[in-house]
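Colleague: entry-v6.json is the file, holding JSON, C-alpha atoms:
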[["chain", "number", "residue", "atom", "x", "y", "z"],
["A", 1, "MET", "CA", 119.66, 210.74, 121.56],
["A", 2, "ILE", "CA", 121.36, 207.35, 121.56],
["A", 3, "PRO", "CA", 124.86, 207.14, 120.05],
["A", 4, "LEU", "CA", 125.50, 206.16, 116.45],
["A", 5, "CYS", "CA", 128.83, 204.40, 116.31],
["A", 6, "ALA", "CA", 131.22, 202.05, 114.52],
["A", 7, "PRO", "CA", 131.57, 198.49, 115.88],
["A", 8, "GLU", "CA", 134.90, 199.21, 117.60],
["A", 9, "ASN", "CA", 133.36, 202.08, 119.57],
["A", 10, "ALA", "CA", 130.32, 200.20, 120.86],
["A", 11, "LYS", "CA", 129.53, 199.69, 124.54],
["A", 12, "LEU", "CA", 130.07, 196.03, 125.47],
["A", 13, "PRO", "CA", 128.92, 193.33, 125.83],
["A", 14, "THR", "CA", 125.90, 193.53, 123.55],
["A", 15, "ALA", "CA", 122.49, 192.00, 123.06],
["A", 16, "LEU", "CA", 121.93, 192.83, 119.42],
["A", 17, "ALA", "CA", 119.19, 192.92, 116.82],
["A", 18, "LEU", "CA", 120.75, 192.42, 113.40],
["A", 19, "GLY", "CA", 119.25, 193.61, 110.10],
["A", 20, "SER", "CA", 118.56, 196.61, 107.89],
["A", 21, "PHE", "CA", 115.51, 197.84, 109.88],
["A", 22, "ASP", "CA", 114.68, 200.35, 107.14],
["A", 23, "GLY", "CA", 111.36, 201.95, 107.98],
["A", 24, "LEU", "CA", 111.35, 200.31, 111.40],
["A", 25, "HIS", "CA", 107.93, 198.74, 110.89],
["A", 26, "LEU", "CA", 106.14, 196.40, 113.28],
["A", 27, "GLY", "CA", 108.04, 193.34, 112.04],
["A", 28, "HIS", "CA", 111.35, 195.04, 112.83],
["A", 29, "LYS", "CA", 110.09, 196.01, 116.29],
["A", 30, "LYS", "CA", 109.33, 192.37, 117.11],
["A", 31, "VAL", "CA", 112.98, 191.49, 116.39],
["A", 32, "ILE", "CA", 114.13, 194.37, 118.59],
["A", 33, "LYS", "CA", 111.79, 193.41, 121.45],
["A", 34, "ALA", "CA", 113.40, 189.96, 121.58],
["A", 35, "ILE", "CA", 116.70, 191.35, 122.88],
["A", 36, "LEU", "CA", 114.98, 193.46, 125.53],
["A", 37, "LYS", "CA", 113.35, 190.55, 127.35],
["A", 38, "GLU", "CA", 116.54, 189.50, 129.15],
["A", 39, "PRO", "CA", 119.17, 192.11, 130.15],
["A", 40, "ILE", "CA", 122.27, 190.12, 129.14],
["A", 41, "GLY", "CA", 124.00, 192.89, 127.23],
["A", 42, "VAL", "CA", 123.70, 196.50, 126.06],
["A", 43, "PRO", "CA", 120.53, 196.62, 123.88],
["A", 44, "THR", "CA", 121.95, 197.32, 120.43],
["A", 45, "VAL", "CA", 120.73, 197.51, 116.84],
["A", 46, "VAL", "CA", 123.38, 196.50, 114.31],
["A", 47, "SER", "CA", 122.96, 197.39, 110.65],
["A", 48, "PHE", "CA", 125.09, 198.01, 107.55],
["A", 49, "TRP", "CA", 126.06, 201.19, 105.71],
["A", 50, "PRO", "CA", 125.91, 201.57, 102.80],
["A", 51, "HIS", "CA", 123.29, 199.03, 101.76],
["A", 52, "PRO", "CA", 124.95, 195.78, 100.58],
["A", 53, "ARG", "CA", 123.22, 195.96, 97.19],
["A", 54, "GLU", "CA", 124.84, 199.35, 96.56],
["A", 55, "VAL", "CA", 128.29, 197.81, 96.99],
["A", 56, "LEU", "CA", 127.64, 194.46, 95.30],
["A", 57, "PHE", "CA", 125.45, 195.50, 92.38],
["A", 58, "GLY", "CA", 125.83, 199.28, 92.10],
["A", 59, "GLU", "CA", 122.14, 199.81, 92.90],
["A", 60, "SER", "CA", 120.97, 203.09, 94.36],
["A", 61, "ARG", "CA", 119.16, 202.26, 97.60],
["A", 62, "LEU", "CA", 117.35, 205.22, 99.08],
["A", 63, "ARG", "CA", 116.53, 204.82, 102.77],
["A", 64, "LEU", "CA", 113.18, 205.31, 104.48],
["A", 65, "ASP", "CA", 115.16, 206.25, 107.60],
["A", 66, "LEU", "CA", 118.66, 207.70, 107.48],
["A", 67, "PRO", "CA", 120.94, 206.64, 110.37],
["A", 68, "ASN", "CA", 120.56, 209.89, 112.33],
["A", 69, "GLU", "CA", 116.77, 209.65, 112.00],
["A", 70, "LYS", "CA", 116.83, 206.03, 113.14],
["A", 71, "THR", "CA", 118.50, 206.92, 116.44],
["A", 72, "PHE", "CA", 115.46, 209.02, 117.39],
["A", 73, "LEU", "CA", 113.14, 206.12, 116.55],
["A", 74, "LEU", "CA", 115.14, 203.47, 118.40],
["A", 75, "GLU", "CA", 115.65, 205.27, 121.70],
["A", 76, "PRO", "CA", 111.96, 205.11, 122.82],
["A", 77, "LEU", "CA", 112.03, 201.33, 122.16],
["A", 78, "GLY", "CA", 114.75, 200.81, 124.77],
["A", 79, "ILE", "CA", 117.74, 200.55, 122.42],
["A", 80, "GLU", "CA", 120.91, 202.16, 123.80],
["A", 81, "GLN", "CA", 123.10, 202.32, 120.67],
["A", 82, "LEU", "CA", 122.95, 201.99, 116.90],
["A", 83, "VAL", "CA", 126.03, 200.31, 115.43],
["A", 84, "LEU", "CA", 126.69, 200.71, 111.71],
["A", 85, "VAL", "CA", 128.98, 198.10, 110.20],
["A", 86, "PRO", "CA", 130.79, 199.59, 107.17],
["A", 87, "PHE", "CA", 129.85, 197.38, 104.24],
["A", 88, "ASN", "CA", 132.48, 196.94, 101.55],
["A", 89, "LYS", "CA", 133.72, 194.19, 99.24],
["A", 90, "THR", "CA", 136.15, 192.95, 101.88],
["A", 91, "LEU", "CA", 133.31, 192.37, 104.33],
["A", 92, "ALA", "CA", 131.20, 190.85, 101.54],
["A", 93, "SER", "CA", 133.93, 188.27, 100.84],
["A", 94, "LYS", "CA", 133.97, 186.95, 104.44],
["A", 95, "SER", "CA", 132.32, 183.64, 105.17],
["A", 96, "ALA", "CA", 129.29, 183.52, 107.44],
["A", 97, "GLU", "CA", 131.40, 181.98, 110.21],
["A", 98, "THR", "CA", 134.11, 184.66, 109.87],
["A", 99, "PHE", "CA", 131.53, 187.47, 109.98],
["A", 100, "ILE", "CA", 130.08, 186.15, 113.23],
["A", 101, "ASP", "CA", 133.50, 185.52, 114.76],
["A", 102, "GLU", "CA", 135.17, 188.82, 113.80],
["A", 103, "ILE", "CA", 132.27, 191.30, 113.99],
["A", 104, "LEU", "CA", 129.63, 189.89, 116.34],
["A", 105, "VAL", "CA", 131.80, 187.94, 118.78],
["A", 106, "LYS", "CA", 135.29, 189.48, 118.95],
["A", 107, "THR", "CA", 134.29, 193.10, 118.27],
["A", 108, "LEU", "CA", 130.75, 193.38, 119.66],
["A", 109, "HIS", "CA", 130.97, 190.65, 122.34],
["A", 110, "ALA", "CA", 127.45, 189.51, 121.47],
["A", 111, "LYS", "CA", 125.63, 187.57, 124.21],
["A", 112, "HIS", "CA", 122.27, 187.54, 122.44],
["A", 113, "ILE", "CA", 121.52, 187.86, 118.70],
["A", 114, "ALA", "CA", 118.02, 188.35, 117.27],
["A", 115, "VAL", "CA", 117.17, 188.25, 113.54],
["A", 116, "GLY", "CA", 114.14, 187.76, 111.31],
["A", 117, "GLU", "CA", 113.69, 184.25, 109.94],
["A", 118, "ASN", "CA", 114.62, 185.35, 106.39],
["A", 119, "PHE", "CA", 117.98, 186.86, 107.44],
["A", 120, "ARG", "CA", 120.95, 185.90, 105.24],
["A", 121, "PHE", "CA", 124.59, 186.86, 105.72],
["A", 122, "GLY", "CA", 128.16, 186.09, 104.72],
["A", 123, "ARG", "CA", 129.81, 185.50, 101.34],
["A", 124, "ASN", "CA", 127.18, 184.98, 98.61],
["A", 125, "ARG", "CA", 124.53, 185.04, 101.35],
["A", 126, "GLU", "CA", 125.63, 181.55, 102.37],
["A", 127, "GLY", "CA", 124.60, 181.97, 106.01],
["A", 128, "ASP", "CA", 121.02, 181.57, 107.17],
["A", 129, "ILE", "CA", 119.22, 181.03, 110.48],
["A", 130, "SER", "CA", 120.41, 177.40, 110.63],
["A", 131, "THR", "CA", 124.00, 178.62, 110.37],
["A", 132, "LEU", "CA", 123.38, 181.21, 113.06],
["A", 133, "LYS", "CA", 121.78, 178.71, 115.42],
["A", 134, "LYS", "CA", 124.62, 176.22, 114.97],
["A", 135, "ILE", "CA", 127.38, 178.76, 115.59],
["A", 136, "GLY", "CA", 125.46, 180.35, 118.44],
["A", 137, "ALA", "CA", 125.08, 177.00, 120.18],
["A", 138, "SER", "CA", 128.81, 176.25, 119.84],
["A", 139, "LEU", "CA", 129.74, 179.63, 121.35],
["A", 140, "GLY", "CA", 127.07, 179.84, 124.05],
["A", 141, "ILE", "CA", 125.32, 182.81, 122.41],
["A", 142, "LYS", "CA", 121.56, 183.06, 122.79],
["A", 143, "ILE", "CA", 119.89, 183.16, 119.37],
["A", 144, "SER", "CA", 116.33, 184.43, 118.78],
["A", 145, "ILE", "CA", 114.69, 183.84, 115.39],
["A", 146, "ILE", "CA", 111.57, 185.94, 114.83],
["A", 147, "PRO", "CA", 108.90, 184.74, 112.37],
["A", 148, "ILE", "CA", 107.96, 187.00, 109.47],
["A", 149, "LEU", "CA", 104.99, 189.19, 110.38],
["A", 150, "GLU", "CA", 102.05, 189.20, 107.95],
["A", 151, "ASP", "CA", 98.64, 190.80, 107.63],
["A", 152, "ASN", "CA", 95.77, 190.26, 105.19],
["A", 153, "HIS", "CA", 97.81, 191.85, 102.39],
["A", 154, "GLY", "CA", 100.97, 189.78, 102.88],
["A", 155, "ARG", "CA", 104.34, 190.26, 104.53],
["A", 156, "LEU", "CA", 105.07, 193.49, 106.37],
["A", 157, "SER", "CA", 108.08, 194.91, 104.59],
["A", 158, "SER", "CA", 109.97, 198.06, 103.73],
["A", 159, "SER", "CA", 109.03, 197.41, 100.08],
["A", 160, "ARG", "CA", 105.36, 197.82, 100.95],
["A", 161, "VAL", "CA", 106.10, 201.13, 102.65],
["A", 162, "ARG", "CA", 107.97, 202.33, 99.57],
["A", 163, "LYS", "CA", 105.10, 201.30, 97.29],
["A", 164, "ALA", "CA", 102.61, 203.17, 99.48],
["A", 165, "LEU", "CA", 104.74, 206.31, 99.30],
["A", 166, "ASN", "CA", 105.17, 205.91, 95.54],
["A", 167, "ASP", "CA", 101.39, 205.67, 95.25],
["A", 168, "GLY", "CA", 100.91, 208.77, 97.39],
["A", 169, "ASP", "CA", 99.09, 206.60, 99.95],
["A", 170, "LEU", "CA", 100.26, 208.21, 103.20],
["A", 171, "LYS", "CA", 97.51, 206.49, 105.18],
["A", 172, "HIS", "CA", 98.73, 203.01, 104.27],
["A", 173, "ALA", "CA", 102.36, 204.01, 104.85],
["A", 174, "GLN", "CA", 101.41, 205.16, 108.35],
["A", 175, "TYR", "CA", 99.55, 201.89, 108.98],
["A", 176, "LEU", "CA", 102.67, 199.91, 108.07],
["A", 177, "LEU", "CA", 105.07, 202.13, 110.01],
["A", 178, "LYS", "CA", 102.71, 202.66, 112.97],
["A", 179, "ARG", "CA", 103.83, 206.30, 112.84],
["A", 180, "PRO", "CA", 103.63, 209.21, 110.38],
["A", 181, "TYR", "CA", 106.25, 209.19, 107.65],
["A", 182, "THR", "CA", 108.53, 212.24, 107.84],
["A", 183, "PHE", "CA", 111.60, 213.72, 106.18],
["A", 184, "ARG", "CA", 113.75, 216.74, 106.92],
["A", 185, "GLY", "CA", 115.68, 219.35, 105.01],
["A", 186, "THR", "CA", 117.39, 222.73, 105.34],
["A", 187, "VAL", "CA", 115.72, 225.78, 103.84],
["A", 188, "GLU", "CA", 117.92, 227.32, 101.16],
["A", 189, "LYS", "CA", 117.54, 230.44, 99.05],
["A", 190, "GLY", "CA", 115.42, 229.94, 95.96],
["A", 191, "ARG", "CA", 114.67, 232.16, 92.98],
["A", 192, "GLY", "CA", 111.69, 233.85, 94.62],
["A", 193, "LEU", "CA", 109.27, 232.75, 91.89],
["A", 194, "GLY", "CA", 106.64, 231.61, 94.38],
["A", 195, "LYS", "CA", 106.66, 234.93, 96.17],
["A", 196, "LYS", "CA", 106.11, 236.77, 92.90],
["A", 197, "ILE", "CA", 102.80, 234.95, 92.34],
["A", 198, "GLY", "CA", 101.70, 235.35, 95.96],
["A", 199, "TRP", "CA", 102.78, 231.96, 97.30],
["A", 200, "ALA", "CA", 106.16, 232.25, 98.98],
["A", 201, "THR", "CA", 107.75, 228.83, 99.52],
["A", 202, "ALA", "CA", 110.58, 227.40, 101.56],
["A", 203, "ASN", "CA", 112.88, 225.45, 99.27],
["A", 204, "LEU", "CA", 114.28, 222.39, 101.04],
["A", 205, "LYS", "CA", 117.70, 220.85, 100.53],
["A", 206, "ILE", "CA", 117.27, 217.17, 101.38],
["A", 207, "ASP", "CA", 119.83, 214.39, 101.79],
["A", 208, "GLY", "CA", 119.95, 212.63, 98.43],
["A", 209, "ARG", "CA", 119.95, 209.21, 100.14],
["A", 210, "LYS", "CA", 116.46, 209.75, 101.58],
["A", 211, "PHE", "CA", 113.42, 208.04, 100.05],
["A", 212, "LEU", "CA", 110.68, 210.59, 99.28],
["A", 213, "PRO", "CA", 107.00, 210.30, 98.35],
["A", 214, "SER", "CA", 105.97, 210.50, 94.71],
["A", 215, "ILE", "CA", 105.61, 213.73, 92.76],
["A", 216, "GLY", "CA", 102.54, 215.78, 93.59],
["A", 217, "VAL", "CA", 100.96, 218.44, 95.78],
["A", 218, "TYR", "CA", 100.41, 217.53, 99.42],
["A", 219, "ALA", "CA", 98.76, 218.77, 102.58],
["A", 220, "ALA", "CA", 101.48, 218.54, 105.23],
["A", 221, "TRP", "CA", 102.59, 219.44, 108.70],
["A", 222, "ALA", "CA", 105.85, 221.38, 109.06],
["A", 223, "TYR", "CA", 107.97, 221.46, 112.20],
["A", 224, "ILE", "CA", 110.78, 224.00, 112.58],
["A", 225, "GLY", "CA", 113.92, 222.35, 113.94],
["A", 226, "ASN", "CA", 112.08, 220.15, 116.42],
["A", 227, "LYS", "CA", 108.59, 218.84, 117.11],
["A", 228, "ASN", "CA", 107.51, 221.37, 119.73],
["A", 229, "GLU", "CA", 105.29, 223.36, 117.36],
["A", 230, "ARG", "CA", 103.77, 222.39, 114.03],
["A", 231, "PHE", "CA", 102.44, 224.49, 111.18],
["A", 232, "SER", "CA", 99.90, 223.57, 108.51],
["A", 233, "ALA", "CA", 101.38, 223.68, 105.03],
["A", 234, "VAL", "CA", 100.89, 222.83, 101.38],
["A", 235, "MET", "CA", 103.86, 221.17, 99.69],
["A", 236, "ASN", "CA", 104.91, 220.70, 96.08],
["A", 237, "MET", "CA", 107.07, 217.66, 95.41],
["A", 238, "GLY", "CA", 108.68, 217.61, 91.97],
["A", 239, "PRO", "CA", 109.57, 220.01, 89.12],
["A", 240, "GLN", "CA", 107.81, 223.26, 88.15],
["A", 241, "PRO", "CA", 106.09, 222.46, 84.84],
["A", 242, "THR", "CA", 104.34, 225.85, 84.55],
["A", 243, "ILE", "CA", 106.96, 228.27, 85.87],
["A", 244, "ASP", "CA", 110.08, 226.50, 84.62],
["A", 245, "PRO", "CA", 109.56, 223.26, 82.63],
["A", 246, "ASN", "CA", 113.32, 222.60, 82.59],
["A", 247, "SER", "CA", 113.77, 222.85, 86.34],
["A", 248, "SER", "CA", 114.96, 219.86, 88.35],
["A", 249, "SER", "CA", 112.75, 218.20, 90.95],
["A", 250, "ALA", "CA", 112.41, 220.18, 94.18],
["A", 251, "VAL", "CA", 110.57, 220.20, 97.49],
["A", 252, "GLU", "CA", 108.76, 223.50, 98.15],
["A", 253, "VAL", "CA", 106.73, 224.16, 101.29],
["A", 254, "HIS", "CA", 104.28, 227.03, 101.85],
["A", 255, "LEU", "CA", 103.12, 227.64, 105.42],
["A", 256, "LEU", "CA", 99.40, 228.38, 105.54],
["A", 257, "ASP", "CA", 98.38, 231.66, 107.22],
["A", 258, "LYS", "CA", 101.90, 232.12, 108.63],
["A", 259, "GLU", "CA", 104.84, 234.25, 107.53],
["A", 260, "ILE", "CA", 108.19, 233.19, 109.00],
["A", 261, "ASN", "CA", 111.69, 233.74, 107.66],
["A", 262, "LEU", "CA", 112.81, 230.12, 107.42],
["A", 263, "LEU", "CA", 116.08, 230.59, 105.53],
["A", 264, "GLY", "CA", 118.76, 228.37, 107.06],
["A", 265, "HIS", "CA", 116.35, 226.56, 109.37],
["A", 266, "GLU", "CA", 115.81, 222.82, 109.34],
["A", 267, "LEU", "CA", 112.22, 221.74, 108.67],
["A", 268, "ILE", "CA", 110.74, 218.37, 109.49],
["A", 269, "ILE", "CA", 107.94, 217.63, 107.04],
["A", 270, "GLU", "CA", 105.08, 215.20, 107.65],
["A", 271, "PRO", "CA", 103.09, 214.78, 104.41],
["A", 272, "VAL", "CA", 99.50, 213.90, 105.33],
["A", 273, "HIS", "CA", 97.55, 213.61, 102.08],
["A", 274, "ARG", "CA", 98.34, 213.91, 98.37],
["A", 275, "ILE", "CA", 95.90, 216.49, 97.02],
["A", 276, "ARG", "CA", 96.67, 216.07, 93.34],
["A", 277, "LEU", "CA", 99.30, 215.16, 90.78],
["A", 278, "GLN", "CA", 101.34, 217.88, 89.13],
["A", 279, "LYS", "CA", 99.90, 219.64, 86.10],
["A", 280, "LYS", "CA", 101.12, 222.20, 83.60],
["A", 281, "PHE", "CA", 98.82, 225.25, 83.52],
["A", 282, "LYS", "CA", 98.32, 227.68, 80.63],
["A", 283, "ASN", "CA", 99.68, 230.63, 82.58],
["A", 284, "ILE", "CA", 100.77, 231.89, 86.00],
["A", 285, "GLU", "CA", 97.27, 233.16, 86.84],
["A", 286, "GLU", "CA", 95.75, 229.71, 86.44],
["A", 287, "LEU", "CA", 98.52, 228.22, 88.54],
["A", 288, "SER", "CA", 97.94, 230.75, 91.31],
["A", 289, "LYS", "CA", 94.20, 230.00, 91.32],
["A", 290, "GLN", "CA", 94.89, 226.29, 91.60],
["A", 291, "ILE", "CA", 97.30, 226.83, 94.49],
["A", 292, "SER", "CA", 94.54, 228.79, 96.26],
["A", 293, "LEU", "CA", 92.25, 225.77, 95.89],
["A", 294, "ASP", "CA", 95.06, 223.46, 97.05],
["A", 295, "ALA", "CA", 95.56, 225.61, 100.14],
["A", 296, "ILE", "CA", 91.83, 225.52, 100.98],
["A", 297, "PHE", "CA", 91.74, 221.75, 100.56],
["A", 298, "ALA", "CA", 94.92, 221.35, 102.64],
["A", 299, "LYS", "CA", 93.40, 223.39, 105.50],
["A", 300, "GLU", "CA", 90.29, 221.22, 105.48],
["A", 301, "ILE", "CA", 92.31, 218.02, 105.60],
["A", 302, "LEU", "CA", 94.66, 219.23, 108.33],
["A", 303, "THR", "CA", 91.81, 220.62, 110.43],
["A", 304, "LYS", "CA", 90.23, 217.16, 110.46],
["A", 305, "LYS", "CA", 93.61, 215.64, 111.45],
["A", 306, "ASN", "CA", 94.22, 218.18, 114.22]]
Show this structure as structure tokens.

Modeller:
Amino acid sequence: MIPLCAPENAKLPTALALGSFDGLHLGHKKVIKAILKEPIGVPTVVSFWPHPREVLFGESRLRLDLPNEKTFLLEPLGIEQLVLVPFNKTLASKSAETFIDEILVKTLHAKHIAVGENFRFGRNREGDISTLKKIGASLGIKISIIPILEDNHGRLSSSRVRKALNDGDLKHAQYLLKRPYTFRGTVEKGRGLGKKIGWATANLKIDGRKFLPSIGVYAAWAYIGNKNERFSAVMNMGPQPTIDPNSSSAVEVHLLDKEINLLGHELIIEPVHRIRLQKKFKNIEELSKQISLDAIFAKEILTKKN
């Protein structure tokens, strides 16, 4: 796995791709490929943490890819390090010229900088690609500006991925990402309610900064700790309207035709298809019958995807 580091700990000099790269879709990959064409520095992705809008406007910005997940995605592309620039109000107050001078030049020794054509930076977003080109030319830094990538539905963006996941459209999310969407969590002890009705579930504790698909019941693949072996599963995303209407939202995973003690293990979950929305049933018996139907449907879906 490539290192995740602060700017002062980066390997130098760098050829860097600069941006949020959340979701790492095809548009992001084109920016990254630009710095790999000429080996004039350590291939590096530079991003910010937390998201600038969290600091500036107090917005909660859930990530499609958390930093530790992103390192696994970047390594196969040829990137050698992921540098996270701590974003705070002090950094936000720096001019575009100061940001380039202090962070990209003096700290990261940038020899090549690649960005998307809509990239903005510096105090009040005053810097744009014209600013970057001008400063780059004065300092002898190679600058690559990558056009926005579009398809028949418009611009490829992280927002489109989020909308697809909100709509339960895993197929479209995978089309945009060019990979299955996944998330991970540690199995923690639950109340055992699923086991009592014949459907034991693994209750996942997930990083609260991770963007998750919308509420519903899903057919999914589950990987234990790594991706060497996968298990078919049915997953409930959301509260428990029949068993406990006052419960908070949760992620519960039932492995199909497999009994494994998963407590304390990390699971990687790949939701494949949303089977249905959540529903409140009259009683536990009706709920159990519906879960049986969900399991049958999930097996059919996953068998076709195998």

Colleague: Just want the 10 Å neighbourhood of range 271-276 of chain A, counted on all atoms listed in the file, with same-chain residues fewer than 3 positions away dropped. Output as a PyMOL selection string.

Modeller: chain A and resi 165+167-171+174+180-183+213-222+233-237+268+279+294-295+297-298+301-302+305

Colleague: Quick one: residues within 12 Å of Lys258 in chain A, only C-alpha atoms counted, chain neighbours fewer than 5 positions away excluded, as a tab-separated table (two decimals) with C-alpha atoms, in the coordinates of the input?

Modeller:
chain	number	residue	atom	x	y	z
A	199	TRP	CA	102.78	231.96	97.30
A	200	ALA	CA	106.16	232.25	98.98
A	201	THR	CA	107.75	228.83	99.52
A	222	ALA	CA	105.85	221.38	109.06
A	230	ARG	CA	103.77	222.39	114.03
A	231	PHE	CA	102.44	224.49	111.18
A	232	SER	CA	99.90	223.57	108.51
A	233	ALA	CA	101.38	223.68	105.03
A	234	VAL	CA	100.89	222.83	101.38
A	253	VAL	CA	106.73	224.16	101.29

Colleague: Quick one, how far is CA of Val251 in chain A from CA of Leu204 in chain A?

Modeller: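 Distance between the two atoms: 5.6 Å.
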
Colleague: If I take CA of Lys210 in chain A and CA of Leu4 in chain A, how far is one from the other in Å, to one decimal?

Modeller: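 It comes out at 17.8 Å.
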
Colleague: Restricting the calculation to all atoms listed in the file, which member of A:Asn261, A:Ser95, A:Asn203, A:Ile145 is positioned closest to Gly127 in chain A?

Modeller: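 The answer is A:Ser95, which sits nearest to Gly127 in chain A.
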